[in-house]
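Worksheet: the structure to be examined is printed underneath.
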Amino acid sequence: MGNRCAVIGVGQTHYTTKRGDVSIAGLVREAALRALADAGLSFKDIDAVVIGKAPDLFEGVMMPEAYLADALGAAGKPMMRVHTAGSVGGSTALVGASLIQGGVHERVLVVAFEKQSESNATWALSTHLPFNASLVVGAGGYFAPHIREYMRKSGAPGHIGTLVAVKDRLNALKNPYAHLKIPGIDQKMVESTPMLWEPIRYLETCPSSDGACAMVLASESAVTGTPAWVHGTAMRSEPIFRAGRDTVSPQAGKDCAADVYRQAGITDPRRQIDVAEVYVPFSWYEPMWLENLGFAAEGEGWKLTESGATALDGDIPWNASGGVLSSNPIGASGLIRFAEAALQVRGMAGEHQVEGARTALGHAYGGGAQFFAMWIVGRERL
Amino acid sequence: MRDVAIVAFAQTRHTDHDTGLSEHELIQPVINEVKERTGLKRFGFTCSGSCDYLAGAPFSFVSALDALAAWPPISESHVEMDGAWALYEAWVRLQHGDIDSALVYGFGKSSLGDLRTIMTLQLDPYYLAPLGLDQLSYAALQAAALGAERKELDEIVRRSRADGRGNPYAFDLPDPEGDDLAVRPLRKADVPPITDGAAAIVLATGDLAGRLHPNPAWIRGIAHRTEPHYLGMRDLARSASAADAARAAGVGKGPVEVAELHAQFPHEEIILRRALELGGDTVINPSGGPLAANPVMATGLIRIGEAARRVHDGTARRAVAHAASGPCLQQNLVTVLEA
């Protein structure tokens with residue numbers, strides 16, 4: 001994986017339904033300035049900028065890196081734009097890290113954003129003929145059948161999803177940047193909300209958020225402040241229409257995890273990883289990814305969720321930040337997972353800090369559960 | 001840096017209309033061609049470049065993955081940029097030292113919409129796009145800022161079209177005639193043709209490159225830079241970012257026999273020649289360049305492929321390729337290739 005790379009700065013905006021007070025440029029700049037402040041640096045210390053976001057149709061700005069170059073201090077520097085569907089935030093971090101690991105740059109600013117209030121993401125995600133077979137309405141419409149298949153295969157009881165919906169929102173109450181703050185949320189409240197896509201209820205889905213997240217990445221010799229060291233990085237993709245692919249536990253996810261674990265020397269993720277920030281946009285994806293990522297045996301993920309192991313006070317907290325279920329500026333959601341993993345091992349996660357966290361997983365997925373991006377970060381150099 | 005070379009390049013026979021092929025049907029033949037030519041079925045890394053706005057639908061790259069036979073799953077990424085930047089990302093990934101090959105491709109069908117208007121959506125959505133400044137209008141602003149002689153511009157178009165007629169993948173466009181205006185001072189003949197097309201390149205490191213091609217085109221320098229978006233903040237008659245990228249890539253470290261420039265309009269070629277400090281003895285765009293075929297999102301990658309082809313066939317020992325993005329050459333990538 002090349003030269004050492006560290007996260008030395010993290011910046012986030014407060015995620016919310018609509019940021020009417022800032023332009024898109026203002027939004028990304030806010031996150032970037034906070035990341036630079038965290039690293040004790042300014043734009044002049046940055047060698048290159050990598051920006052990621054989900055489809056341009058969300059804001060109606062085509063290839064917005066051109067427009068955002070000024071706001072991100074990129075003039076005179078290399079700037080790249082990543083787009084790998086929902087996994088793009090994670091991929092953006094990995095492309096930035098790659099520039100350091102490849103020895104090309106010393107300090108890279110990575111930024112991801114979505115200003116979803118500019119459009120209706122559900123319709124932007126409903127791809128249509130003649131380009132593709134219809135994926136029905138929105139991401140939920142696409143993923144609900146996969147969830148039902150998981151329930152059938154694993155025999156998971158129907159309430160497991162609500163447990164995740166409650167747990168992640170309770171965590172969000174401890175995260176100042178989280179979008180959804182629902183005091184008093186409990187299983188009953190989740191069950192009282194309308195069914196959107198069987199078995200996904202309203203409170204079992206992610207919100208639609210405006211927001212941006214940024215990180216400053218550095219080579220070993222350019223580290224300032226408190227670093228989170230990158231122990232492993234991996235991307236995997238598989239075709240969406242391949243007949244016979246396992247959409248419940250995709251091979252690309254398994255391969256990506258195996259690759260990143262190998263680099264980080266992890267053989268037992270449940271024991272060796274202290275906290276995981278995993279892309280869970282629909283509650284049921286927690287038990288599904290617990291299995292796909294090797295934290296539980298096949299068919300056993302829901303039991304881990306049910307036991308409380310993934311809660312903030314459990315032995316393997318998942319989404320201590322509140323996760324995608326609590327904040328979802330789509331293009332940034334993956335980068336937020338990667339950034340929250342870094343905050344945890346830097347000991348800077350505040351009220352949702354997992355005590356003594358030394359090793360953390362950041363995870364993102366996208367497309368038809370076919371694009372995966374992951375990294376492992378640690379308190380120590382590997 | 002680790003030695004990386006271009007060992008295969010393929011492109012479609014570009015068309016000026018929608019032939020009915022989907023984007024993945026468009027790329028599959030060129031992917032297969034570079035696989036066959038190298039004998040490689042799997043690559044350490046794969047990266048592509050495309051733009052949703054050309055198809056007018058999100059995730060155009062997602063089904064493109066189905067054309068790759070990406071099974072077992074592959075290590076893969078995508079840039080919403082010209083495929084030239086996908087090549088840059090792959091080159092960086094190869095620097096890590098743990099993999100030795102990469103597949104890069106770019107594709108686009110500009111026939112599906114009104115490209116001139118679509119490109120307006122690339123501008124600042126608050127202050128520029130609402131002005132309705134379209135692609136030809138801002139290009140014309142740059143042409144006016146440069147103020148080149150009409151004779152020089154005409155000669156560039158004539159030469160590009162003539163070279164394009166000798167390139168089986170580009171269009172057979174006649175010598176420019178008449179003085180029909182597009183947007184003053186640009187004439188209709190100065191405007192690149194609407195094009196559907198795709199291209200693919202295979203990169204390989206060290207020994208593997210030598211095994212895959214008798215004359216690998218070694219990447220001796222590659223760099224890119226952007227500059228302020230707002231046209232009023234730039235001297236449009238010059239390209240500071242292209243000049244910076246050229247210096248960082250080391251263009252001036254030796255003679256440049258061939259340069260493939262992503263100049264969509266004739267005045268851009270003049271600006272870029274100056275920015276890259278290319279002398280009169282450098283052959284510019286022997287492929288015909290974007291004025292002879294301009295499959296948006298693959299055009300920059302094709303420049304790299306065409307430059308590599310001159311090294312592969314021995315006609316050049318040192319060649320330069322350039323790719324651009326953003327309004328009025330806002331962003332520029334320069335690659336130096338050597339035998």
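Letters A, B, ... mark the chains of the structure tokens in the order given; residue numbers begin at 1 per chain; ligand numbers begin at 1, in order shown.
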
Might you pull out every residue within 12 Å of A:Glu149, with only C-alpha atoms counted and same-chain residues fewer than 2 positions away left off, and present them as an MDAnalysis selection string? chainID A and resid 143:147 151:156 198:199 246:249 284 288 299

Output C-alpha atoms for every residue in that selection, as a PDB file, in the first residue's frame.
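Saved result, part.pdb, follows:
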ATOM      1  CA  PHE A 143     -32.896  -2.536  -1.543  1.00  0.00           C
ATOM      2  CA  ALA A 144     -36.112  -3.686   0.156  1.00  0.00           C
ATOM      3  CA  PRO A 145     -36.266  -7.008  -1.753  1.00  0.00           C
ATOM      4  CA  HIS A 146     -32.657  -7.713  -0.760  1.00  0.00           C
ATOM      5  CA  ILE A 147     -33.589  -7.117   2.871  1.00  0.00           C
ATOM      6  CA  MET A 151     -34.825 -12.090   6.510  1.00  0.00           C
ATOM      7  CA  ARG A 152     -35.921 -15.233   4.705  1.00  0.00           C
ATOM      8  CA  LYS A 153     -32.428 -16.727   4.582  1.00  0.00           C
ATOM      9  CA  SER A 154     -31.413 -15.864   8.129  1.00  0.00           C
ATOM     10  CA  GLY A 155     -34.766 -16.296   9.842  1.00  0.00           C
ATOM     11  CA  ALA A 156     -34.234 -12.936  11.532  1.00  0.00           C
ATOM     12  CA  GLU A 198     -41.758  -3.468   3.074  1.00  0.00           C
ATOM     13  CA  PRO A 199     -40.089  -4.101   5.568  1.00  0.00           C
ATOM     14  CA  ASP A 246     -25.426 -12.565  -4.165  1.00  0.00           C
ATOM     15  CA  THR A 247     -27.094  -9.204  -3.632  1.00  0.00           C
ATOM     16  CA  VAL A 248     -27.636  -9.909   0.086  1.00  0.00           C
ATOM     17  CA  SER A 249     -23.977 -10.493   0.864  1.00  0.00           C
ATOM     18  CA  TRP A 284     -31.489  -3.847   8.186  1.00  0.00           C
ATOM     19  CA  MET A 288     -26.439  -7.743   6.724  1.00  0.00           C
ATOM     20  CA  GLY A 299     -27.166 -15.867   9.265  1.00  0.00           C
TER      21      GLY A 299
END

From a DSSP calculation on the backbone, collect every residue of stretch 238-270 of chain B in alpha helix (DSSP H) and output the set as a list in words.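 Checking each residue of stretch 238-270 of chain B, the alpha helix (DSSP H) ones are Ala240, Ser241, Ala242, Ala243, Asp244, Ala245, Ala246, Arg247, Ala248, Ala249, Pro266, His267, Glu268, Glu269 and Ile270 of chain B.
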
Among listed residues A:Ala139, A:Ile240, A:Ala6, A:Met195, nearest chain B (using only C-alpha atoms): A:Ile240

Kindly assemble as a tab-separated table a list of the chain B residues that lie within 8 Å of chain A, each paired with its nearest atom pair and their distance in Å to one decimal, using only C-alpha atoms, sorted first by chain and then by ascending residue number.
residue	atom	partner	partner_atom	distance
B:Met1	CA	A:Gly103	CA	7.9
B:Ser22	CA	A:Phe131	CA	7.2
B:Cys51	CA	A:Met63	CA	7.7
B:Asp52	CA	A:Asp56	CA	7.2
B:Tyr53	CA	A:Met62	CA	6.6
B:Ala57	CA	A:Thr127	CA	6.7
B:Pro58	CA	A:Pro55	CA	5.5
B:Phe59	CA	A:Pro55	CA	6.7
B:Val62	CA	A:Gly367	CA	6.9
B:Ser63	CA	A:Ile240	CA	6.8
B:Leu65	CA	A:Pro239	CA	5.4
B:Asp66	CA	A:Pro239	CA	4.8
B:Ala69	CA	A:Pro239	CA	7.5
B:Ala70	CA	A:Glu238	CA	5.6
B:Trp71	CA	A:Glu238	CA	6.4
B:Pro72	CA	A:Glu238	CA	7.4
B:Pro73	CA	A:Glu238	CA	4.7
B:Ile74	CA	A:Arg236	CA	5.2
B:Ser75	CA	A:Arg236	CA	4.5
B:Glu76	CA	A:Arg236	CA	5.9
B:Ser77	CA	A:Thr84	CA	6.4
B:His78	CA	A:His83	CA	5.7
B:Val79	CA	A:Val82	CA	4.4
B:Glu80	CA	A:His83	CA	5.7
B:Met81	CA	A:Arg81	CA	6.7
B:Trp85	CA	A:Met80	CA	7.5
B:Glu89	CA	A:Val95	CA	7.4
B:Val92	CA	A:Gly102	CA	5.7
B:Arg93	CA	A:Ser98	CA	6.2
B:Leu94	CA	A:Gly102	CA	7.5
B:Gln95	CA	A:Gly102	CA	4.7
B:His96	CA	A:Gly2	CA	4.2
B:Gly97	CA	A:Gly2	CA	6.3
B:Asp98	CA	A:Met1	CA	6.6
B:Met119	CA	A:Met62	CA	7.6
B:Leu121	CA	A:Met62	CA	5.4
B:Gln122	CA	A:Met62	CA	4.5
B:Leu123	CA	A:Tyr67	CA	6.0
B:Asp124	CA	A:Tyr67	CA	5.2
B:Pro125	CA	A:Val61	CA	6.6
B:Ala223	CA	A:Pro78	CA	7.6
B:His224	CA	A:Pro78	CA	5.2
B:Arg225	CA	A:Pro78	CA	4.2
B:Thr226	CA	A:Ala75	CA	5.3
B:Glu227	CA	A:Ala75	CA	4.0
B:Pro228	CA	A:Ala75	CA	5.3
B:His229	CA	A:Tyr67	CA	5.5
B:Tyr230	CA	A:Tyr67	CA	7.9
B:Ser241	CA	A:Gly76	CA	6.3
B:Asp244	CA	A:Gly76	CA	7.7
B:Ser325	CA	A:Ala66	CA	8.0
B:Gly326	CA	A:Ala66	CA	5.6
B:Pro327	CA	A:Ala66	CA	7.9
B:Gln330	CA	A:Ala66	CA	7.4
B:Gln331	CA	A:Ala66	CA	7.8

Kindly assemble as a tab-separated table a list of the stretch 59-132 of chain B residues that lie within 7 Å of stretch 293-304 of chain B, each paired with its nearest atom pair and their distance in Å to one decimal, using only C-alpha atoms, sorted first by chain and then by ascending residue number.
residue	atom	partner	partner_atom	distance
B:Met81	CA	B:Met297	CA	6.4
B:Asp82	CA	B:Met297	CA	4.0
B:Gly83	CA	B:Leu301	CA	5.1
B:Ala84	CA	B:Leu301	CA	4.3
B:Gly106	CA	B:Ala298	CA	4.5
B:Phe107	CA	B:Ala298	CA	5.0
B:Gly108	CA	B:Val296	CA	5.5
B:Lys109	CA	B:Pro295	CA	6.7
B:Ser110	CA	B:Val296	CA	6.6

Pull the strand (DSSP E or B) assignments for stretch 49-241 of chain B out of DSSP run on the backbone, and list those residues as number ranges by chain. B: 49, 74, 76-79, 101-109, 181-183, 186-187, 196-205, 217-226

Please, could you write that set of residues out with C-alpha atoms as an mmCIF file, in the first residue's frame?
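Dumped everything to part-v8.cif:
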data_model
loop_
_atom_site.group_PDB
_atom_site.id
_atom_site.type_symbol
_atom_site.label_atom_id
_atom_site.label_comp_id
_atom_site.auth_asym_id
_atom_site.auth_seq_id
_atom_site.Cartn_x
_atom_site.Cartn_y
_atom_site.Cartn_z
ATOM 1 C CA GLY B 49 -14.100 8.631 -16.761
ATOM 2 C CA ILE B 74 -12.322 -5.906 -9.274
ATOM 3 C CA GLU B 76 -12.098 -0.141 -9.429
ATOM 4 C CA SER B 77 -12.867 3.563 -9.284
ATOM 5 C CA HIS B 78 -14.409 6.282 -11.449
ATOM 6 C CA VAL B 79 -13.883 9.984 -12.035
ATOM 7 C CA SER B 101 -1.199 -3.308 -14.432
ATOM 8 C CA ALA B 102 -4.205 -1.038 -14.814
ATOM 9 C CA LEU B 103 -7.100 -0.669 -17.247
ATOM 10 C CA VAL B 104 -8.348 2.835 -18.014
ATOM 11 C CA TYR B 105 -11.288 3.867 -20.168
ATOM 12 C CA GLY B 106 -13.410 6.865 -20.998
ATOM 13 C CA PHE B 107 -16.646 7.182 -22.933
ATOM 14 C CA GLY B 108 -19.361 9.585 -23.890
ATOM 15 C CA LYS B 109 -22.263 10.089 -26.248
ATOM 16 C CA LEU B 181 -20.279 32.487 -37.907
ATOM 17 C CA ALA B 182 -21.005 30.324 -34.882
ATOM 18 C CA VAL B 183 -20.429 32.935 -32.190
ATOM 19 C CA LEU B 186 -15.733 31.613 -33.966
ATOM 20 C CA ARG B 187 -16.883 30.220 -37.273
ATOM 21 C CA ASP B 196 -20.047 9.473 -29.717
ATOM 22 C CA GLY B 197 -17.091 7.320 -28.789
ATOM 23 C CA ALA B 198 -14.934 5.544 -26.277
ATOM 24 C CA ALA B 199 -11.303 4.644 -25.680
ATOM 25 C CA ALA B 200 -9.312 2.299 -23.477
ATOM 26 C CA ILE B 201 -5.683 2.162 -22.395
ATOM 27 C CA VAL B 202 -3.648 -0.430 -20.513
ATOM 28 C CA LEU B 203 -0.859 0.703 -18.204
ATOM 29 C CA ALA B 204 1.882 -1.640 -17.026
ATOM 30 C CA THR B 205 4.952 -1.245 -14.840
ATOM 31 C CA ALA B 217 5.420 4.348 -24.197
ATOM 32 C CA TRP B 218 6.933 5.226 -20.821
ATOM 33 C CA ILE B 219 5.247 7.919 -18.779
ATOM 34 C CA ARG B 220 8.186 10.168 -17.844
ATOM 35 C CA GLY B 221 6.061 12.924 -16.420
ATOM 36 C CA ILE B 222 2.395 13.489 -15.680
ATOM 37 C CA ALA B 223 0.822 16.426 -13.852
ATOM 38 C CA HIS B 224 -2.349 18.469 -13.800
ATOM 39 C CA ARG B 225 -3.452 21.836 -12.458
ATOM 40 C CA THR B 226 -6.644 23.821 -12.192
#

Can you list, as number ranges by chain, every protein, DNA or RNA residue that comes within 9 Å of B:Glu33 when you count only C-alpha atoms, leaving out same-chain residues fewer than 6 positions away? B: 8-11, 200

For A:Ser208, which residue out of A:Gln344, A:Ser117, A:Thr162, A:Gln187 is the nearest one, using only C-alpha atoms?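 Of A:Gln344, A:Ser117, A:Thr162, A:Gln187, the one nearest A:Ser208, counting only C-alpha atoms, is A:Ser117.
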
Two-atom distance - atom CA of A:Ile8, atom CA of A:Gln272 (Å):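 Computing the Euclidean distance for atom CA of A:Ile8 and atom CA of A:Gln272 yields 23.0 Å.
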
Residues near B:Arg116, anyone? I mean within 6 Å using only C-alpha atoms, not counting same-chain ones fewer than 2 positions away, as a list in words. Asp114, Ile118, Met119, Asp134 and Gln135 of chain B

Now that the selection is made, can you save its residues with N, CA and C atoms as an mmCIF file, in the first residue's frame?
data_model
loop_
_atom_site.group_PDB
_atom_site.id
_atom_site.type_symbol
_atom_site.label_atom_id
_atom_site.label_comp_id
_atom_site.auth_asym_id
_atom_site.auth_seq_id
_atom_site.Cartn_x
_atom_site.Cartn_y
_atom_site.Cartn_z
ATOM 1 N N ASP B 114 -28.081 18.442 -26.261
ATOM 2 C CA ASP B 114 -27.530 19.637 -26.870
ATOM 3 C C ASP B 114 -26.286 20.035 -26.072
ATOM 4 N N ILE B 118 -25.779 21.982 -22.570
ATOM 5 C CA ILE B 118 -25.466 21.161 -21.396
ATOM 6 C C ILE B 118 -24.221 21.712 -20.687
ATOM 7 N N MET B 119 -23.233 22.130 -21.470
ATOM 8 C CA MET B 119 -21.983 22.609 -20.869
ATOM 9 C C MET B 119 -22.179 23.882 -20.038
ATOM 10 N N ASP B 134 -23.278 29.843 -22.965
ATOM 11 C CA ASP B 134 -23.112 28.465 -23.419
ATOM 12 C C ASP B 134 -21.684 28.203 -23.861
ATOM 13 N N GLN B 135 -21.435 26.936 -24.192
ATOM 14 C CA GLN B 135 -20.063 26.496 -24.483
ATOM 15 C C GLN B 135 -19.424 27.311 -25.616
#

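Counting from atom CA of A:Gly26, the distance to atom CA of A:Ser209 is 15.6 Å.
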
Between atom CA of B:His14 and atom CA of B:Gly39, what is the distance in Å, rounded to a tenth? 24.9 Å

Can you list, as a PDB file with C-alpha atoms, in the first residue's frame, every protein, DNA or RNA residue that comes within 6 Å of stretch 23-26 of chain B when you count only C-alpha atoms, leaving out same-chain residues fewer than 2 positions away?
ATOM      1  CA  LEU B  21     -25.533   1.461 -28.780  1.00  0.00           C
ATOM      2  CA  GLN B  28     -17.135  -3.328 -24.584  1.00  0.00           C
ATOM      3  CA  ALA B  64     -20.534   0.305 -17.892  1.00  0.00           C
ATOM      4  CA  ALA B  67     -19.087  -4.500 -19.985  1.00  0.00           C
TER       5      ALA B  67
END

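In terms of minimum interatomic distance to B:Gly232, B:Leu128 ranks closest within B:Ile99, B:Val4, B:Leu128, B:Leu40, counting only C-alpha atoms.
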